[in-house]
Amino acid sequence: MAFNSISLPKHSLPPSLPSINSKCPSSQIIRILSQSSQSQFYGVKLCTTTTSSVSVPAIPSLRTSIFAKVSKGQVPPSFTLKDQDGKTVNLSKYKGKPVVVYFYPADETPGCTKQACAFRDSYEKFKKAGAEVVGISGDDTASHKAFAKKYRLPYTLLSDEGNKVRKEWGVPADLFGTLPGRETYVLDRNGVVKLVYNNQFQPEKHIDETLKLLQSL
């Protein structure tokens with residue numbers, strides 16, 4: 001008995017189909033460092049091929065954008081802002097005594113509320129050290145008044161609408177500049193900065209660090 005053989009046509013992948021390469025030809029990890037080693041952010045690892053590319057900002061430019069202009073040993077720019085009662089307050093008002101100036105993102109947010117209440121709970125210790133406490137954010141005076149009343153905050157909150165003072169002091173932002181930074185400055189009796197402390201996600205550390213310094217002055 002004779003058997004006929006069947007010949008199947010040969011098939012091949014289209015020449016235009018791109019080959020798959022499991023290796024990533026180029027990658028870059030973006031790392032953002034705040035001034036506190038405990039507050040670090042890591043970006044997404046980006047993989048690019050020869051057919052597409054992703055533009056990534058240079059690391060030096062990111063680092064430049066997050067470091068404050070006002071630093072230890074400097075006299076910061078003065079300011080005149082309104083407090084939660086609508087009264088005008090100038091930085092020179094505190095000349096002759098230590099002052100803690102802390103910039104925070106916004107009223108009523110979890111981290112800022114925790115920080116504000118921590119300053120409240122330690123306020124007697126700040127007074128004992130002869131220091132005043134001043135909180136600054138971009139919220140308006142009405143927001144500050146409601147915030148201070150709700151949490152019984154005994155210190156001054158200043159309204160920096162438009163974030164003019166924040167910009168003049170060079171307060172760093174976090175998360176690629178999308179989140180207003182949390183920065184605390186301690187000024188001595190002569191208005192000279194003795195401490196600059198930044199920690200976005202551990203707001204209570206601002207109180208610990210500032211008290212530690214004030215008690216050593």
# chains A, B, ... in the order shown; residues from 1 in each chain; ligands from 1
call {"tool": "closest_atom_pairs", "arguments": {"of": "range 95-141 of chain A", "to": "range 185-192 of chain A", "cutoff": "12 Å", "atoms": "only C-alpha atoms", "output": "Markdown table"}}
result
| residue | atom | partner | partner_atom | distance |
| --- | --- | --- | --- | --- |
| A:Lys95 | CA | A:Arg189 | CA | 5.9 |
| A:Gly96 | CA | A:Arg189 | CA | 4.4 |
| A:Lys97 | CA | A:Arg189 | CA | 4.2 |
| A:Pro98 | CA | A:Asp188 | CA | 4.4 |
| A:Val99 | CA | A:Leu187 | CA | 5.3 |
| A:Val100 | CA | A:Val186 | CA | 4.6 |
| A:Val101 | CA | A:Tyr185 | CA | 5.2 |
| A:Tyr102 | CA | A:Tyr185 | CA | 6.1 |
| A:Phe103 | CA | A:Tyr185 | CA | 8.5 |
| A:Tyr104 | CA | A:Tyr185 | CA | 11.6 |
| A:Phe126 | CA | A:Val186 | CA | 11.5 |
| A:Ala129 | CA | A:Asp188 | CA | 11.4 |
| A:Gly130 | CA | A:Arg189 | CA | 9.7 |
| A:Ala131 | CA | A:Asp188 | CA | 8.9 |
| A:Glu132 | CA | A:Val186 | CA | 9.9 |
| A:Val133 | CA | A:Val186 | CA | 9.4 |
| A:Val134 | CA | A:Tyr185 | CA | 10.0 |
| A:Gly135 | CA | A:Tyr185 | CA | 10.5 |
| A:Ile136 | CA | A:Tyr185 | CA | 11.3 |
call {"tool": "write_last_selection", "arguments": {"atoms": "N, CA and C atoms", "output": "compact mmCIF listing (two decimals), in the first residue's frame"}}
result
# COMPACT_ATOMS: atom_id res chain seq x y z
N LYS A 95 11.98 89.76 68.00
CA LYS A 95 13.41 90.06 68.24
C LYS A 95 13.64 90.17 69.74
N GLY A 96 14.69 89.55 70.22
CA GLY A 96 15.00 89.59 71.65
C GLY A 96 14.65 88.30 72.37
N LYS A 97 13.99 87.39 71.66
CA LYS A 97 13.66 86.09 72.25
C LYS A 97 13.72 85.03 71.16
N PRO A 98 13.99 83.78 71.52
CA PRO A 98 13.99 82.72 70.50
C PRO A 98 12.59 82.54 69.93
N VAL A 99 12.53 82.17 68.66
CA VAL A 99 11.24 81.93 68.02
C VAL A 99 11.33 80.71 67.11
N VAL A 100 10.31 79.89 67.20
CA VAL A 100 10.22 78.71 66.34
C VAL A 100 9.21 79.03 65.23
N VAL A 101 9.68 79.07 64.00
CA VAL A 101 8.81 79.34 62.85
C VAL A 101 8.68 78.04 62.08
N TYR A 102 7.47 77.51 62.04
CA TYR A 102 7.31 76.27 61.28
C TYR A 102 6.30 76.44 60.14
N PHE A 103 6.74 76.04 58.94
CA PHE A 103 5.89 76.05 57.75
C PHE A 103 5.26 74.67 57.62
N TYR A 104 3.96 74.64 57.36
CA TYR A 104 3.29 73.36 57.21
C TYR A 104 2.37 73.42 55.99
N PHE A 126 8.03 75.22 75.63
CA PHE A 126 8.58 76.28 74.78
C PHE A 126 8.59 77.61 75.55
N ALA A 129 11.36 77.77 77.94
CA ALA A 129 12.63 78.04 77.25
C ALA A 129 12.69 79.47 76.75
N GLY A 130 11.60 80.24 76.99
CA GLY A 130 11.55 81.65 76.58
C GLY A 130 11.27 81.85 75.11
N ALA A 131 10.74 80.82 74.45
CA ALA A 131 10.54 80.89 73.00
C ALA A 131 9.07 81.06 72.63
N GLU A 132 8.86 81.66 71.45
CA GLU A 132 7.53 81.76 70.87
C GLU A 132 7.42 80.75 69.74
N VAL A 133 6.18 80.34 69.45
CA VAL A 133 5.93 79.39 68.36
C VAL A 133 5.02 80.06 67.34
N VAL A 134 5.39 79.98 66.07
CA VAL A 134 4.60 80.58 64.99
C VAL A 134 4.46 79.56 63.86
N GLY A 135 3.22 79.26 63.49
CA GLY A 135 2.97 78.36 62.38
C GLY A 135 2.56 79.16 61.14
N ILE A 136 3.03 78.75 59.98
CA ILE A 136 2.72 79.47 58.73
C ILE A 136 2.29 78.48 57.65
call {"tool": "residues_around", "arguments": {"residues": "range 159-164 of chain A", "least_positions_apart": "4", "cutoff": "9 Å", "atoms": "only C-alpha atoms", "output": "list in words"}}
result
Leu81, Lys82, Asp83, Gln84, Gly135, Ile136, Ser137, Gly138, Asp139, Asp140, Thr141, Ser143, His144, Glu168 and Trp169 of chain A
call {"tool": "write_last_selection", "arguments": {"atoms": "all heavy atoms", "output": "short mmCIF file (atom, residue, chain, number, x, y, z; two decimals), in the first residue's frame"}}
result
data_model
loop_
_atom_site.label_atom_id
_atom_site.label_comp_id
_atom_site.auth_asym_id
_atom_site.auth_seq_id
_atom_site.Cartn_x
_atom_site.Cartn_y
_atom_site.Cartn_z
N LEU A 81 2.62 89.43 58.05
CA LEU A 81 1.47 88.61 57.70
C LEU A 81 0.36 88.79 58.73
O LEU A 81 0.60 89.30 59.84
CB LEU A 81 1.87 87.13 57.64
CG LEU A 81 2.94 86.73 56.61
CD1 LEU A 81 3.36 85.28 56.82
CD2 LEU A 81 2.42 86.92 55.19
N LYS A 82 -0.82 88.32 58.40
CA LYS A 82 -1.95 88.41 59.34
C LYS A 82 -2.13 87.08 60.07
O LYS A 82 -1.99 86.01 59.48
CB LYS A 82 -3.22 88.79 58.59
CG LYS A 82 -3.22 90.23 58.12
CD LYS A 82 -4.57 90.65 57.56
CE LYS A 82 -4.55 92.13 57.18
NZ LYS A 82 -5.86 92.59 56.65
N ASP A 83 -2.46 87.21 61.38
CA ASP A 83 -2.66 86.00 62.17
C ASP A 83 -4.11 85.54 62.10
O ASP A 83 -4.92 86.10 61.35
CB ASP A 83 -2.22 86.22 63.62
CG ASP A 83 -3.09 87.24 64.36
OD1 ASP A 83 -4.14 87.64 63.84
OD2 ASP A 83 -2.71 87.63 65.48
N GLN A 84 -4.46 84.54 62.90
CA GLN A 84 -5.80 83.97 62.85
C GLN A 84 -6.89 84.95 63.29
O GLN A 84 -8.08 84.74 63.02
CB GLN A 84 -5.89 82.70 63.70
CG GLN A 84 -5.62 82.87 65.19
CD GLN A 84 -4.20 82.54 65.55
OE1 GLN A 84 -3.26 83.02 64.92
NE2 GLN A 84 -4.03 81.71 66.57
N GLY A 135 3.22 79.26 63.49
CA GLY A 135 2.97 78.36 62.38
C GLY A 135 2.56 79.16 61.14
O GLY A 135 1.82 80.13 61.25
N ILE A 136 3.03 78.75 59.98
CA ILE A 136 2.72 79.47 58.73
C ILE A 136 2.29 78.48 57.65
O ILE A 136 2.95 77.46 57.42
CB ILE A 136 3.94 80.25 58.21
CG1 ILE A 136 4.41 81.27 59.25
CG2 ILE A 136 3.62 80.94 56.89
CD1 ILE A 136 5.65 82.05 58.82
N SER A 137 1.17 78.79 56.99
CA SER A 137 0.75 78.03 55.82
C SER A 137 0.03 78.98 54.86
O SER A 137 -0.21 80.14 55.19
CB SER A 137 -0.18 76.87 56.20
OG SER A 137 -1.51 77.33 56.40
N GLY A 138 -0.36 78.48 53.71
CA GLY A 138 -1.03 79.31 52.72
C GLY A 138 -2.52 79.47 52.94
O GLY A 138 -3.19 80.14 52.15
N ASP A 139 -3.06 78.88 54.02
CA ASP A 139 -4.49 79.02 54.31
C ASP A 139 -4.82 80.46 54.71
O ASP A 139 -3.97 81.18 55.25
CB ASP A 139 -4.87 78.08 55.45
CG ASP A 139 -4.61 76.62 55.11
OD1 ASP A 139 -5.29 76.10 54.22
OD2 ASP A 139 -3.70 76.03 55.72
N ASP A 140 -6.07 80.86 54.51
CA ASP A 140 -6.47 82.22 54.88
C ASP A 140 -6.72 82.34 56.38
O ASP A 140 -6.69 81.33 57.12
CB ASP A 140 -7.69 82.68 54.07
CG ASP A 140 -8.92 81.80 54.29
OD1 ASP A 140 -9.04 81.16 55.36
OD2 ASP A 140 -9.78 81.75 53.38
N THR A 141 -6.96 83.55 56.85
CA THR A 141 -7.12 83.79 58.29
C THR A 141 -8.33 83.08 58.87
O THR A 141 -8.29 82.61 60.02
CB THR A 141 -7.22 85.31 58.57
OG1 THR A 141 -8.31 85.86 57.81
CG2 THR A 141 -5.93 86.03 58.19
N SER A 143 -9.59 80.21 57.94
CA SER A 143 -9.22 78.80 58.09
C SER A 143 -8.36 78.62 59.33
O SER A 143 -8.55 77.68 60.12
CB SER A 143 -8.48 78.31 56.85
OG SER A 143 -8.00 76.99 57.02
N HIS A 144 -7.38 79.51 59.51
CA HIS A 144 -6.51 79.45 60.69
C HIS A 144 -7.31 79.60 61.98
O HIS A 144 -7.06 78.90 62.97
CB HIS A 144 -5.46 80.56 60.63
CG HIS A 144 -4.29 80.22 59.73
ND1 HIS A 144 -3.99 78.95 59.33
CD2 HIS A 144 -3.32 81.02 59.19
CE1 HIS A 144 -2.90 78.96 58.57
NE2 HIS A 144 -2.48 80.22 58.48
N GLU A 168 10.13 83.11 49.50
CA GLU A 168 11.27 83.95 49.87
C GLU A 168 12.25 83.21 50.79
O GLU A 168 13.46 83.41 50.70
CB GLU A 168 10.77 85.22 50.58
CG GLU A 168 10.09 86.21 49.64
CD GLU A 168 9.55 87.43 50.38
OE1 GLU A 168 9.50 87.40 51.63
OE2 GLU A 168 9.19 88.41 49.70
N TRP A 169 11.72 82.36 51.64
CA TRP A 169 12.58 81.59 52.53
C TRP A 169 13.15 80.36 51.83
O TRP A 169 14.06 79.72 52.32
CB TRP A 169 11.81 81.17 53.78
CG TRP A 169 11.62 82.28 54.79
CD1 TRP A 169 11.25 83.56 54.54
CD2 TRP A 169 11.79 82.19 56.20
NE1 TRP A 169 11.17 84.29 55.70
CE2 TRP A 169 11.50 83.46 56.75
CE3 TRP A 169 12.16 81.16 57.07
CZ2 TRP A 169 11.57 83.73 58.11
CZ3 TRP A 169 12.22 81.42 58.44
CH2 TRP A 169 11.93 82.70 58.95
#
call {"tool": "atom_distance", "arguments": {"atom1": "CA of Glu108 in chain A", "atom2": "CA of Phe147 in chain A"}}
result
6.8 Å
call {"tool": "atom_distance", "arguments": {"atom1": "CA of Phe119 in chain A", "atom2": "CA of Thr178 in chain A"}}
result
25.4 Å
call {"tool": "select_by_dssp", "arguments": {"residues": "range 57-203 of chain A", "states": "strand (DSSP E or B)", "output": "count of residues only"}}
result
35
call {"tool": "closest_residue", "arguments": {"among": "A:Cys112, A:Val196, A:Cys117, A:Leu217", "to": "Gly170 in chain A", "atoms": "only C-alpha atoms"}}
result
A:Val196
call {"tool": "residues_around", "arguments": {"residues": "Ile207 in chain A", "least_positions_apart": "5", "cutoff": "8 Å", "atoms": "only C-alpha atoms", "output": "PyMOL selection string"}}
result
chain A and resi 115+118-119+122
call {"tool": "atom_distance", "arguments": {"atom1": "CA of Asp85 in chain A", "atom2": "CA of Val171 in chain A"}}
result
24.8 Å
call {"tool": "select_by_dssp", "arguments": {"residues": "range 144-174 of chain A", "states": "helix (DSSP H, G or I)", "output": "compact mmCIF listing (two decimals) with all heavy atoms, in the first residue's frame"}}
result
# COMPACT_ATOMS: atom_id res chain seq x y z
N HIS A 144 -7.38 79.51 59.51
CA HIS A 144 -6.51 79.45 60.69
C HIS A 144 -7.31 79.60 61.98
O HIS A 144 -7.06 78.90 62.97
CB HIS A 144 -5.46 80.56 60.63
CG HIS A 144 -4.29 80.22 59.73
ND1 HIS A 144 -3.99 78.95 59.33
CD2 HIS A 144 -3.32 81.02 59.19
CE1 HIS A 144 -2.90 78.96 58.57
NE2 HIS A 144 -2.48 80.22 58.48
N LYS A 145 -8.27 80.51 61.97
CA LYS A 145 -9.06 80.77 63.17
C LYS A 145 -9.86 79.52 63.56
O LYS A 145 -9.91 79.13 64.74
CB LYS A 145 -10.01 81.96 62.95
CG LYS A 145 -10.72 82.43 64.21
CD LYS A 145 -11.52 83.70 63.95
CE LYS A 145 -12.16 84.22 65.23
NZ LYS A 145 -11.14 84.68 66.20
N ALA A 146 -10.49 78.89 62.58
CA ALA A 146 -11.27 77.68 62.83
C ALA A 146 -10.37 76.54 63.30
O ALA A 146 -10.71 75.78 64.22
CB ALA A 146 -12.02 77.28 61.57
N PHE A 147 -9.19 76.44 62.68
CA PHE A 147 -8.22 75.39 63.03
C PHE A 147 -7.73 75.56 64.46
O PHE A 147 -7.68 74.61 65.24
CB PHE A 147 -7.06 75.45 62.03
CG PHE A 147 -6.06 74.33 62.14
CD1 PHE A 147 -6.47 73.01 62.17
CD2 PHE A 147 -4.70 74.61 62.16
CE1 PHE A 147 -5.54 71.97 62.24
CE2 PHE A 147 -3.77 73.58 62.23
CZ PHE A 147 -4.18 72.27 62.27
N ALA A 148 -7.37 76.80 64.81
CA ALA A 148 -6.86 77.10 66.16
C ALA A 148 -7.94 76.88 67.22
O ALA A 148 -7.66 76.36 68.31
CB ALA A 148 -6.35 78.54 66.21
N LYS A 149 -9.16 77.26 66.89
CA LYS A 149 -10.26 77.10 67.85
C LYS A 149 -10.60 75.63 68.07
O LYS A 149 -10.80 75.19 69.21
CB LYS A 149 -11.49 77.85 67.34
CG LYS A 149 -12.68 77.78 68.29
CD LYS A 149 -13.87 78.56 67.74
CE LYS A 149 -15.05 78.48 68.71
NZ LYS A 149 -16.23 79.24 68.19
N LYS A 150 -10.66 74.88 67.00
CA LYS A 150 -11.02 73.46 67.08
C LYS A 150 -10.04 72.66 67.92
O LYS A 150 -10.44 71.80 68.71
CB LYS A 150 -11.10 72.88 65.67
CG LYS A 150 -11.51 71.41 65.63
CD LYS A 150 -11.64 70.94 64.18
CE LYS A 150 -12.06 69.48 64.11
NZ LYS A 150 -12.22 69.03 62.70
N TYR A 151 -8.75 72.98 67.79
CA TYR A 151 -7.73 72.20 68.50
C TYR A 151 -7.09 72.96 69.67
O TYR A 151 -6.09 72.53 70.21
CB TYR A 151 -6.66 71.72 67.51
CG TYR A 151 -7.23 70.77 66.48
CD1 TYR A 151 -7.53 71.21 65.19
CD2 TYR A 151 -7.50 69.44 66.80
CE1 TYR A 151 -8.08 70.35 64.25
CE2 TYR A 151 -8.05 68.58 65.86
CZ TYR A 151 -8.34 69.03 64.59
OH TYR A 151 -8.88 68.17 63.67
N LYS A 164 4.02 83.60 49.42
CA LYS A 164 5.11 84.53 49.14
C LYS A 164 6.29 84.33 50.09
O LYS A 164 7.45 84.26 49.66
CB LYS A 164 4.60 85.97 49.25
CG LYS A 164 5.66 87.02 48.96
CD LYS A 164 5.10 88.44 49.11
CE LYS A 164 6.20 89.47 48.89
NZ LYS A 164 5.70 90.86 49.06
N VAL A 165 5.99 84.23 51.39
CA VAL A 165 7.06 84.06 52.38
C VAL A 165 7.72 82.69 52.22
O VAL A 165 8.94 82.57 52.32
CB VAL A 165 6.52 84.24 53.82
CG1 VAL A 165 7.61 83.95 54.85
CG2 VAL A 165 5.97 85.65 54.00
N ARG A 166 6.92 81.69 51.95
CA ARG A 166 7.46 80.35 51.73
C ARG A 166 8.49 80.37 50.59
O ARG A 166 9.56 79.76 50.70
CB ARG A 166 6.31 79.39 51.39
CG ARG A 166 6.75 77.97 51.09
CD ARG A 166 5.57 77.10 50.71
NE ARG A 166 4.76 76.77 51.87
CZ ARG A 166 4.98 75.72 52.67
NH1 ARG A 166 5.99 74.91 52.41
NH2 ARG A 166 4.21 75.48 53.70
N LYS A 167 8.18 81.10 49.54
CA LYS A 167 9.09 81.19 48.40
C LYS A 167 10.33 82.01 48.76
O LYS A 167 11.45 81.67 48.35
CB LYS A 167 8.38 81.82 47.21
CG LYS A 167 7.26 80.95 46.63
CD LYS A 167 6.44 81.71 45.61
CE LYS A 167 5.25 80.88 45.12
NZ LYS A 167 4.36 81.66 44.22
N GLU A 168 10.13 83.11 49.50
CA GLU A 168 11.27 83.95 49.87
C GLU A 168 12.25 83.21 50.79
O GLU A 168 13.46 83.41 50.70
CB GLU A 168 10.77 85.22 50.58
CG GLU A 168 10.09 86.21 49.64
CD GLU A 168 9.55 87.43 50.38
OE1 GLU A 168 9.50 87.40 51.63
OE2 GLU A 168 9.19 88.41 49.70
N TRP A 169 11.72 82.36 51.64
CA TRP A 169 12.58 81.59 52.53
C TRP A 169 13.15 80.36 51.83
O TRP A 169 14.06 79.72 52.32
CB TRP A 169 11.81 81.17 53.78
CG TRP A 169 11.62 82.28 54.79
CD1 TRP A 169 11.25 83.56 54.54
CD2 TRP A 169 11.79 82.19 56.20
NE1 TRP A 169 11.17 84.29 55.70
CE2 TRP A 169 11.50 83.46 56.75
CE3 TRP A 169 12.16 81.16 57.07
CZ2 TRP A 169 11.57 83.73 58.11
CZ3 TRP A 169 12.22 81.42 58.44
CH2 TRP A 169 11.93 82.70 58.95
